[in-house]
>>> print(open('structure-v4.txt').read())   # compact mmCIF, C-alpha atoms and all ligand atoms
# COMPACT_ATOMS: atom_id res chain seq x y z
CA MET A 1 101.23 80.85 88.14
CA ASN A 2 99.15 79.84 91.14
CA HIS A 3 96.55 82.21 92.43
CA THR A 4 96.18 82.72 96.12
CA ARG A 5 92.50 82.36 96.85
CA LEU A 6 91.11 84.77 99.40
CA ALA A 7 87.52 85.16 100.45
CA GLY A 8 85.77 88.50 100.54
CA PRO A 9 82.98 90.22 98.70
CA CYS A 10 84.96 93.33 97.76
CA THR A 11 87.12 91.52 95.18
CA CYS A 12 84.19 90.93 92.81
CA PRO A 13 85.23 92.43 89.46
CA LEU A 14 81.69 92.12 88.17
CA SER A 15 80.17 93.96 91.08
CA SER A 16 80.01 96.99 88.79
CA LEU A 17 77.58 95.05 86.61
CA HIS A 18 75.28 94.73 89.55
CA ASP A 19 75.39 98.44 90.14
CA THR A 20 72.96 100.12 87.77
CA GLN A 21 74.64 103.48 88.04
CA THR A 22 78.03 102.25 86.91
CA ARG A 23 77.05 99.59 84.39
CA ARG A 24 78.04 101.57 81.28
CA THR A 25 81.70 101.54 82.15
CA ALA A 26 81.68 98.02 83.50
CA PRO A 27 83.48 96.19 80.69
CA ALA A 28 86.45 98.53 80.59
CA ARG A 29 86.70 98.59 84.33
CA SER A 30 86.39 94.85 84.52
CA LEU A 31 89.26 94.42 82.10
CA ASN A 32 91.47 96.71 84.14
CA ARG A 33 90.51 94.79 87.21
CA ALA A 34 91.44 91.56 85.47
CA ARG A 35 94.90 92.93 84.92
CA ALA A 36 95.04 94.05 88.53
CA LEU A 37 93.94 90.61 89.66
CA ARG A 38 96.70 88.98 87.65
CA SER A 39 99.34 91.21 89.20
CA VAL A 40 98.25 90.93 92.84
CA GLN A 41 97.15 87.32 92.38
CA ILE A 42 93.98 87.62 94.39
CA VAL A 43 90.99 85.75 93.07
CA ASP A 44 87.90 84.89 95.02
CA SER A 45 86.15 82.14 93.12
CA ARG A 46 82.95 82.63 95.07
CA SER A 47 82.60 86.29 94.28
CA LEU A 48 83.68 86.05 90.64
CA THR A 49 80.56 85.21 88.71
CA PRO A 50 81.37 83.01 85.73
CA CYS A 51 80.26 83.69 82.18
CA TYR A 52 79.64 80.94 79.65
CA SER A 53 78.47 83.08 76.80
CA ARG A 54 80.23 83.46 73.45
CA ARG A 55 80.29 87.12 74.40
CA PRO A 56 82.96 88.50 76.67
CA CYS A 57 80.79 89.69 79.52
CA PRO A 58 77.15 88.96 80.39
CA GLY A 59 74.32 91.06 81.67
CA ARG A 60 72.73 90.59 85.05
CA ARG A 61 70.14 88.06 83.97
CA ALA A 62 72.77 85.88 82.33
CA VAL A 63 74.95 86.28 85.38
CA SER A 64 72.24 85.10 87.72
CA VAL A 65 71.17 82.22 85.46
CA ARG A 66 74.76 80.99 85.11
CA ALA A 67 75.54 81.49 88.78
CA ALA A 68 72.50 79.40 89.67
CA GLN A 69 73.59 76.73 87.18
CA GLN A 70 77.05 76.61 88.68
CA GLU A 71 75.64 76.26 92.17
CA LYS A 72 73.47 73.38 90.97
CA GLU A 73 76.47 71.75 89.30
CA LYS A 74 78.42 72.00 92.53
CA LYS A 75 75.61 70.41 94.52
CA ASP A 76 74.89 67.68 91.99
CA GLY A 77 78.53 67.09 91.16
CA ASN A 78 79.93 63.63 91.52
CA PRO A 79 83.65 63.06 91.05
CA PHE A 80 83.29 60.84 87.97
CA THR A 81 81.11 63.33 86.11
CA ALA A 82 83.42 66.16 87.14
CA ASN A 83 86.47 64.27 85.84
CA VAL A 84 84.81 63.45 82.52
CA SER A 85 83.63 67.06 82.20
CA GLN A 86 87.18 68.25 82.80
CA LEU A 87 88.53 66.02 80.03
CA LEU A 88 85.81 67.02 77.57
CA GLY A 89 86.21 70.72 78.28
CA ILE A 90 82.69 71.07 79.66
CA ARG A 91 82.04 73.68 82.36
CA GLY A 92 81.78 72.42 85.93
CA GLY A 93 84.64 69.98 85.43
CA SER A 94 87.07 69.18 88.22
CA GLN A 95 90.47 70.85 88.54
CA THR A 96 93.56 68.77 87.80
CA ALA A 97 97.30 69.23 87.90
CA ASP A 98 97.94 66.67 85.13
CA LYS A 99 99.37 68.68 82.22
CA TRP A 100 98.10 66.29 79.54
CA LYS A 101 94.59 66.38 80.92
CA ILE A 102 94.78 70.17 80.97
CA ARG A 103 96.03 70.22 77.39
CA LEU A 104 93.13 68.00 76.35
CA GLN A 105 90.68 70.20 78.24
CA LEU A 106 91.94 73.24 76.32
CA THR A 107 91.02 71.56 73.04
CA LYS A 108 87.39 71.07 74.30
CA PRO A 109 86.76 67.59 72.86
CA VAL A 110 83.00 68.03 73.20
CA THR A 111 83.15 70.64 70.43
CA TRP A 112 84.88 68.28 67.97
CA ILE A 113 81.67 66.38 67.33
CA PRO A 114 79.99 68.65 64.73
CA LEU A 115 83.20 68.89 62.72
CA ILE A 116 83.71 65.14 62.76
CA TRP A 117 80.08 64.74 61.70
CA GLY A 118 80.64 67.22 58.87
CA VAL A 119 83.40 65.04 57.42
CA LEU A 120 80.98 62.11 57.46
CA CYS A 121 78.36 64.16 55.61
CA GLY A 122 80.93 65.20 52.99
CA ALA A 123 82.13 61.62 52.51
CA ALA A 124 78.52 60.52 52.04
CA ALA A 125 77.91 63.37 49.59
CA SER A 126 80.90 62.36 47.44
CA GLY A 127 79.09 59.20 46.41
CA GLU A 128 82.51 57.55 46.26
CA PHE A 129 82.98 56.36 49.81
CA HIS A 130 83.17 52.56 50.11
CA TRP A 131 83.09 50.50 53.26
CA ASN A 132 86.61 49.15 52.94
CA VAL A 133 89.65 49.51 55.21
CA THR A 134 91.32 52.22 53.12
CA ASP A 135 88.28 54.49 52.90
CA VAL A 136 87.46 54.06 56.58
CA ALA A 137 91.10 54.85 57.46
CA LYS A 138 91.05 57.92 55.20
CA SER A 139 87.85 59.25 56.73
CA LEU A 140 89.07 58.61 60.30
CA THR A 141 92.27 60.50 59.48
CA CYS A 142 90.24 63.41 58.09
CA MET A 143 88.08 63.36 61.24
CA GLY A 144 91.30 63.52 63.27
CA LEU A 145 92.25 66.57 61.24
CA SER A 146 88.94 68.39 61.69
CA GLY A 147 88.33 67.38 65.35
CA PRO A 148 91.38 67.04 67.60
CA LEU A 149 93.82 69.03 65.47
CA LEU A 150 91.91 71.94 63.93
CA THR A 151 89.04 72.31 66.40
CA GLY A 152 91.64 71.75 69.13
CA TYR A 153 93.72 74.53 67.62
CA THR A 154 90.78 76.93 67.31
CA GLN A 155 89.59 76.29 70.88
CA THR A 156 93.07 76.61 72.42
CA LEU A 157 93.68 79.82 70.48
CA ASN A 158 90.29 81.13 71.56
CA ASP A 159 91.05 80.46 75.24
CA TYR A 160 94.44 82.09 74.85
CA GLU A 161 92.96 85.22 73.27
CA ASP A 162 90.24 85.36 75.96
CA ARG A 163 92.59 84.84 78.88
CA GLU A 164 92.15 88.29 80.37
CA ILE A 165 88.37 88.37 80.27
CA ASP A 166 88.24 84.75 81.43
CA ALA A 167 90.22 85.84 84.50
CA ILE A 168 87.02 87.66 85.42
CA ASN A 169 84.30 85.49 84.01
CA GLU A 170 85.74 81.99 84.25
CA PRO A 171 88.76 82.09 86.55
CA ASN A 172 88.83 78.30 86.82
CA ARG A 173 89.72 77.84 83.16
CA PRO A 174 93.25 76.45 82.66
CA ILE A 175 94.95 79.67 81.54
CA PRO A 176 93.57 82.21 84.03
CA SER A 177 93.88 79.73 86.90
CA GLY A 178 97.57 79.34 86.14
CA ALA A 179 97.24 75.58 85.63
CA ILE A 180 99.21 75.96 82.40
CA THR A 181 101.61 78.72 81.41
CA GLU A 182 101.07 81.03 78.46
CA ASP A 183 104.24 79.72 76.81
CA GLU A 184 102.99 76.15 77.09
CA VAL A 185 99.71 77.22 75.50
CA LYS A 186 101.54 78.92 72.62
CA VAL A 187 103.46 75.70 71.99
CA GLN A 188 100.18 73.77 71.95
CA ILE A 189 98.63 76.20 69.44
CA ALA A 190 101.66 75.92 67.15
CA ALA A 191 101.79 72.13 67.45
CA LEU A 192 98.09 71.65 66.65
CA LEU A 193 98.22 74.05 63.72
CA GLY A 194 101.47 72.60 62.36
CA GLY A 195 100.17 69.05 62.82
CA GLY A 196 96.92 70.03 61.07
CA LEU A 197 98.69 71.53 58.07
CA ALA A 198 101.01 68.52 57.76
CA LEU A 199 98.14 66.03 58.03
CA ALA A 200 96.06 67.98 55.50
CA TYR A 201 98.91 67.80 53.00
CA ALA A 202 99.38 64.09 53.71
CA LEU A 203 95.65 63.53 53.05
CA ASP A 204 95.94 65.38 49.74
CA ARG A 205 98.81 63.11 48.75
CA TRP A 206 96.90 60.02 49.88
CA ALA A 207 93.86 61.08 47.85
CA GLY A 208 96.10 61.77 44.83
CA HIS A 209 95.09 65.43 44.53
CA ASP A 210 97.02 67.53 42.01
CA ASN A 211 95.63 70.62 43.70
CA PRO A 212 96.03 70.31 47.52
CA VAL A 213 92.43 71.20 48.25
CA ILE A 214 92.37 69.84 51.81
CA LEU A 215 95.45 71.87 52.66
CA GLU A 216 93.79 74.97 51.18
CA LEU A 217 90.65 74.36 53.25
CA THR A 218 92.82 73.90 56.34
CA ILE A 219 94.66 77.17 55.74
CA PHE A 220 91.35 78.94 55.17
CA GLY A 221 89.76 77.40 58.30
CA SER A 222 92.80 78.31 60.42
CA PHE A 223 92.62 81.86 59.15
CA ILE A 224 88.88 82.13 59.98
CA SER A 225 89.63 80.68 63.42
CA TYR A 226 92.27 83.35 63.94
CA ILE A 227 90.12 86.33 62.91
CA TYR A 228 87.21 84.91 64.92
CA SER A 229 89.17 84.97 68.19
CA ALA A 230 92.08 87.38 67.80
CA PRO A 231 92.30 91.14 67.36
CA PRO A 232 92.07 93.30 65.36
CA LEU A 233 88.95 91.70 63.84
CA LYS A 234 87.87 89.42 66.71
CA LEU A 235 84.70 88.50 64.81
CA LYS A 236 83.14 86.84 67.86
CA GLN A 237 82.46 90.32 69.20
CA THR A 238 80.66 91.52 66.12
CA GLY A 239 77.35 89.73 66.49
CA TRP A 240 76.08 88.64 63.09
CA ALA A 241 79.47 88.19 61.42
CA GLY A 242 80.81 86.12 64.30
CA SER A 243 77.71 83.93 64.43
CA TYR A 244 77.80 83.29 60.70
CA ALA A 245 81.56 82.60 60.71
CA LEU A 246 81.03 80.02 63.43
CA GLY A 247 77.90 78.45 61.93
CA SER A 248 79.24 78.26 58.39
CA SER A 249 82.71 77.00 59.35
CA TYR A 250 81.22 74.26 61.44
CA ILE A 251 78.85 73.10 58.71
CA ALA A 252 80.57 73.81 55.40
CA LEU A 253 84.34 73.34 55.90
CA PRO A 254 84.43 69.77 57.26
CA TRP A 255 81.81 68.75 54.70
CA TRP A 256 83.97 70.14 51.89
CA ALA A 257 87.04 68.37 53.29
CA GLY A 258 85.19 65.02 53.48
CA GLN A 259 83.76 65.42 49.99
CA ALA A 260 87.08 66.49 48.45
CA LEU A 261 88.82 63.54 50.07
CA PHE A 262 86.73 60.97 48.22
CA GLY A 263 85.26 62.81 45.26
CA HIS A 264 85.11 66.31 43.88
CA LEU A 265 84.02 69.52 45.45
CA THR A 266 81.43 71.00 43.12
CA LEU A 267 80.07 74.54 43.04
CA ASP A 268 76.47 73.42 43.61
CA VAL A 269 77.43 71.54 46.78
CA MET A 270 79.46 74.52 47.98
CA VAL A 271 76.43 76.77 47.46
CA LEU A 272 74.13 74.23 49.13
CA THR A 273 76.31 73.95 52.26
CA VAL A 274 76.85 77.69 52.50
CA LEU A 275 73.05 78.11 52.38
CA TYR A 276 72.67 75.33 54.95
CA SER A 277 74.97 77.41 57.14
CA ILE A 278 72.11 79.89 57.51
CA ALA A 279 70.50 77.24 59.72
CA GLY A 280 73.85 77.13 61.57
CA LEU A 281 73.57 80.90 62.00
CA GLY A 282 70.11 80.37 63.54
CA ILE A 283 71.57 77.81 65.96
CA ALA A 284 74.34 80.24 66.92
CA ILE A 285 71.75 83.00 67.51
CA VAL A 286 69.80 80.81 69.94
CA ASN A 287 72.79 81.22 72.26
CA ASP A 288 72.57 85.02 72.09
CA PHE A 289 69.28 85.30 73.97
CA LYS A 290 70.82 84.68 77.36
CA SER A 291 73.40 87.45 76.99
CA ILE A 292 71.20 90.29 75.76
CA GLU A 293 71.98 92.74 78.55
CA GLY A 294 75.73 92.15 78.46
CA ASP A 295 75.78 92.41 74.65
CA ARG A 296 73.82 95.66 74.80
CA GLU A 297 76.25 97.10 77.34
CA LEU A 298 79.17 96.22 75.09
CA GLY A 299 77.43 97.57 71.99
CA LEU A 300 77.31 94.13 70.35
CA GLN A 301 74.60 94.01 67.74
CA SER A 302 73.47 90.44 68.26
CA LEU A 303 70.12 89.76 66.66
CA PRO A 304 68.13 89.82 69.93
CA VAL A 305 69.76 93.16 70.81
CA ALA A 306 69.15 94.64 67.37
CA PHE A 307 65.52 93.50 66.97
CA GLY A 308 64.29 92.71 70.48
CA VAL A 309 63.39 89.27 71.82
CA ASP A 310 59.98 88.94 70.14
CA VAL A 311 61.11 89.71 66.62
CA ALA A 312 64.45 87.93 67.03
CA LYS A 313 62.93 84.63 68.13
CA TRP A 314 60.83 84.48 64.96
CA ILE A 315 63.80 85.39 62.78
CA THR A 316 65.80 82.63 64.51
CA VAL A 317 63.27 79.87 63.93
CA GLY A 318 62.66 81.27 60.44
CA THR A 319 66.31 80.88 59.46
CA ILE A 320 66.46 77.36 60.90
CA ASP A 321 63.20 76.12 59.35
CA VAL A 322 63.14 77.94 56.02
CA THR A 323 66.71 76.84 55.27
CA GLN A 324 65.99 73.17 55.88
CA ILE A 325 62.64 73.24 54.06
CA SER A 326 64.32 74.94 51.09
CA VAL A 327 67.02 72.25 51.07
CA ALA A 328 64.30 69.56 51.18
CA ALA A 329 62.64 71.26 48.19
CA TYR A 330 66.00 71.27 46.37
CA LEU A 331 66.48 67.56 47.07
CA LEU A 332 63.05 66.90 45.61
CA LEU A 333 62.97 69.26 42.64
CA GLY A 334 66.66 69.79 41.88
CA LEU A 335 68.21 66.41 42.68
CA HIS A 336 65.06 64.28 42.15
CA GLN A 337 65.52 62.47 45.45
CA PRO A 338 61.97 62.23 46.84
CA LEU A 339 62.87 59.73 49.55
CA TYR A 340 65.63 61.88 51.05
CA ALA A 341 63.52 65.01 50.62
CA GLY A 342 60.73 63.32 52.59
CA ILE A 343 63.12 62.20 55.34
CA LEU A 344 64.56 65.72 55.65
CA ALA A 345 61.07 67.24 55.82
CA ALA A 346 60.13 64.67 58.48
CA LEU A 347 63.23 65.68 60.49
CA VAL A 348 62.19 69.34 60.39
CA ALA A 349 58.78 68.57 61.93
CA PRO A 350 60.04 67.73 65.46
CA GLN A 351 62.25 70.82 65.39
CA ILE A 352 59.17 72.96 64.76
CA PHE A 353 57.39 71.11 67.56
CA PHE A 354 60.22 71.88 70.03
CA GLN A 355 60.32 75.49 68.87
CA ALA A 356 56.60 75.82 69.62
CA LYS A 357 56.91 74.02 72.95
CA TYR A 358 60.11 75.55 74.35
CA PHE A 359 61.79 78.24 72.31
CA ILE A 360 58.96 80.52 71.22
CA PRO A 361 57.28 80.75 74.66
CA ASP A 362 60.55 81.70 76.44
CA PRO A 363 63.76 81.75 74.36
CA ILE A 364 65.85 83.06 77.26
CA LYS A 365 64.85 80.41 79.75
CA ASN A 366 64.54 77.47 77.36
CA ASP A 367 67.48 77.97 74.99
CA VAL A 368 69.45 74.98 76.28
CA THR A 369 66.42 72.69 76.52
CA TYR A 370 65.44 73.58 72.97
CA GLN A 371 68.94 73.01 71.60
CA ALA A 372 69.29 69.66 73.35
CA ARG A 373 66.02 68.37 71.95
CA ALA A 374 66.02 69.86 68.46
CA GLN A 375 69.66 69.71 67.39
CA PRO A 376 69.89 65.94 66.87
CA PHE A 377 67.19 66.26 64.22
CA LEU A 378 69.09 69.06 62.52
CA VAL A 379 72.35 67.10 62.38
CA PHE A 380 70.63 64.00 61.03
CA GLY A 381 69.07 66.30 58.43
CA LEU A 382 72.59 67.28 57.39
CA LEU A 383 73.56 63.64 56.95
CA THR A 384 70.34 63.00 55.02
CA THR A 385 71.30 65.84 52.68
CA GLY A 386 74.79 64.42 52.27
CA LEU A 387 73.38 61.00 51.41
CA ALA A 388 70.95 62.56 48.91
CA VAL A 389 73.76 64.43 47.17
CA GLY A 390 75.88 61.25 47.16
CA HIS A 391 73.03 59.23 45.73
CA SER A 392 72.45 61.72 42.95
CA ASN A 393 76.23 61.78 42.25
CA MET A 394 76.13 58.01 41.81
CA MET A 395 73.33 58.23 39.27
CA PRO A 396 74.40 58.13 35.61
C1 LIG B 1 86.46 79.01 69.19
C2 LIG B 1 85.10 78.68 68.78
C3 LIG B 1 84.09 78.83 69.60
C4 LIG B 1 84.20 79.36 70.98
O1 LIG B 1 83.56 80.58 71.05
P1 LIG B 1 83.45 81.45 72.39
O2 LIG B 1 84.72 82.09 72.72
O3 LIG B 1 82.37 82.40 72.21
O4 LIG B 1 83.05 80.41 73.47
P2 LIG B 1 83.71 80.13 74.86
O5 LIG B 1 83.69 81.43 75.60
O6 LIG B 1 82.85 79.09 75.49
O7 LIG B 1 85.10 79.65 74.64
C5 LIG B 1 84.87 78.13 67.40
C6 LIG B 1 85.35 79.00 66.30
C7 LIG B 1 85.18 78.35 64.97
C8 LIG B 1 85.92 79.05 63.91
C9 LIG B 1 85.27 80.36 63.51
C10 LIG B 1 86.17 78.22 62.66
C11 LIG B 1 86.56 76.77 62.84
C12 LIG B 1 87.24 76.25 61.62
C13 LIG B 1 87.47 74.76 61.60
C14 LIG B 1 88.20 74.26 62.81
C15 LIG B 1 88.20 74.43 60.30
C16 LIG B 1 88.04 73.01 59.87
C17 LIG B 1 88.65 72.85 58.50
C18 LIG B 1 88.81 71.49 57.96
C19 LIG B 1 88.03 70.38 58.41
C20 LIG B 1 89.54 71.37 56.72
>>> encode(input="structure-v4.txt", output="structure tokens")
Amino acid sequence: MNHTRLAGPCTCPLSSLHDTQTRRTAPARSLNRARALRSVQIVDSRSLTPCYSRRPCPGRRAVSVRAAQQEKEKKDGNPFTANVSQLLGIRGGSQTADKWKIRLQLTKPVTWIPLIWGVLCGAAASGEFHWNVTDVAKSLTCMGLSGPLLTGYTQTLNDYEDREIDAINEPNRPIPSGAITEDEVKVQIAALLGGGLALAYALDRWAGHDNPVILELTIFGSFISYIYSAPPLKLKQTGWAGSYALGSSYIALPWWAGQALFGHLTLDVMVLTVLYSIAGLGIAIVNDFKSIEGDRELGLQSLPVAFGVDVAKWITVGTIDVTQISVAAYLLLGLHQPLYAGILAALVAPQIFFQAKYFIPDPIKNDVTYQARAQPFLVFGLLTTGLAVGHSNMMP
């Protein structure tokens, strides 16, 4: 379906959000307008203000921040960057008619990275990964499972379930823009899920598992993906539960898959990674600061809405720091790995520095800057933890 693009300020479905008197009913009205837009096929990309939040519809501050960002992206845009952004599923990417590029864009390759990293951490934690062709091939296959197939499935499903609200907030996305049909998207979802289940079973066979643990993890992860994006639960709209589902799935599930592939999944490691996911929850909450007004309008109890910015920012850094410091203490006292405990503690220090410099002074303005600077230290902390667990597993 191709949208006819007409100019004109009156077609702005979010104009109600800019009108203080009518803001309470804005989400419902916006949704109806999305349906209307789809039927009359009139979309004005200049007047539709895009939303990049995990939430369905932003408040005015988020709207203006994102609109300004998009303007900047347009000005700064060079064709190469725009093409790469399109392929990686990053906002501001160019439009294309190539179906395979669109299919790749739907899977948002940029979001595969944490899940691929998680497999690496799990393999390290098993203590049984060896640098030979077979083990490298096994781990690459498992990364293919967690990244392109399962994250691709979860992202495509998420875009499909959000297609109506994206028609308002992000009309240039492949589904609302009509670049790909809904039937084609359904086929992609089924293919990625089916391919993921088949590959998970093949990995279990390859690893010689009596109990198909990787297949079980895949079924569980696919189920969480479904209830995160699709009604009736649609966890992404529930604030805390959605943030924790996202944070924990991204940290724990690929780790478990990588560890089960080479060694054994033990209860203590499962507990450790689930606790580590509290830091993942903190990371997910950082993204909630920019959408406070929209969340409040929709009744979403994100942490900044529930506690206010000042309390929420301290809770956020508390969850991130206390979790990692507790894990460092466990590496030292529980696993007797002083070197790894020291490295992990050293990796927490720059995160605290960036919190003090960027996040605490203005979490709404500096959320992206903080994430970009601090997150690499957090992910290397995860790998450090995996190596510590692996080292202690190797000890007699
Ligand atoms: C769809 C996800 C995030 C997008 O959220 P949102 O809609 O708010 O953002 P956009 O508006 O920008 O699109 C991620 C959801 C993750 C999900 C809860 C769980 C993922 C599970 C793993 C893929 C399972 C891996 C299992 C394995 C390695 C055995």
>>> atom_distance(input="structure-v4.txt", atom1="atom CA of Pro338 of chain A", atom2="atom CA of Thr384 of chain A")
11.7 Å
>>> axis_aligned_box(input="structure-v4.txt", around="ligand LIG 1 (chain B)", padding_each_side="3 Å", output="lines of an AutoDock Vina configuration file")
center_x = 86.0
center_y = 76.4
center_z = 66.2
size_x = 13.2
size_y = 18.0
size_z = 24.9
>>> residues_around(input="structure-v4.txt", residues="Leu203 of chain A", least_positions_apart="6", cutoff="10 Å", atoms="only C-alpha atoms", output="ChimeraX atom specification")
/A:138-139,141-142,145,197,209,212-215,257,261
>>> residues_near_ligand(input="structure-v4.txt", ligand="ligand LIG 1 (chain B)", cutoff="8 Å", atoms="only C-alpha atoms and all ligand atoms", output="ChimeraX atom specification")
/A:51-56,115,119,142-143,145-147,150-159,162,200,214-222,224-229,236,242,245-247,249-250,253-258
>>> atom_distance(input="structure-v4.txt", atom1="atom CA of Ile90 of chain A", atom2="atom CA of Gln188 of chain A")
19.3 Å
>>> closest_atom_pairs(input="structure-v4.txt", of="segment 193-299 of chain A", to="segment 354-365 of chain A", cutoff="12 Å", atoms="only C-alpha atoms", output="tab-separated table")
residue	atom	partner	partner_atom	distance
A:Ile283	CA	A:Phe359	CA	11.7
A:Ile285	CA	A:Pro363	CA	10.6
A:Val286	CA	A:Pro363	CA	7.5
A:Asn287	CA	A:Ile364	CA	8.7
A:Asp288	CA	A:Ile364	CA	8.7
A:Phe289	CA	A:Ile364	CA	5.3
A:Lys290	CA	A:Ile364	CA	5.2
A:Ser291	CA	A:Ile364	CA	8.7
A:Ile292	CA	A:Ile364	CA	9.1
A:Glu293	CA	A:Ile364	CA	11.5
>>> atom_distance(input="structure-v4.txt", atom1="atom CA of Asp135 of chain A", atom2="atom CA of Ala123 of chain A")
9.4 Å
>>> closest_residue(input="structure-v4.txt", among="A:Gly294, A:Pro79, A:Pro174, A:Gly122", to="Arg103 of chain A", atoms="all atoms listed in the file")
A:Pro174
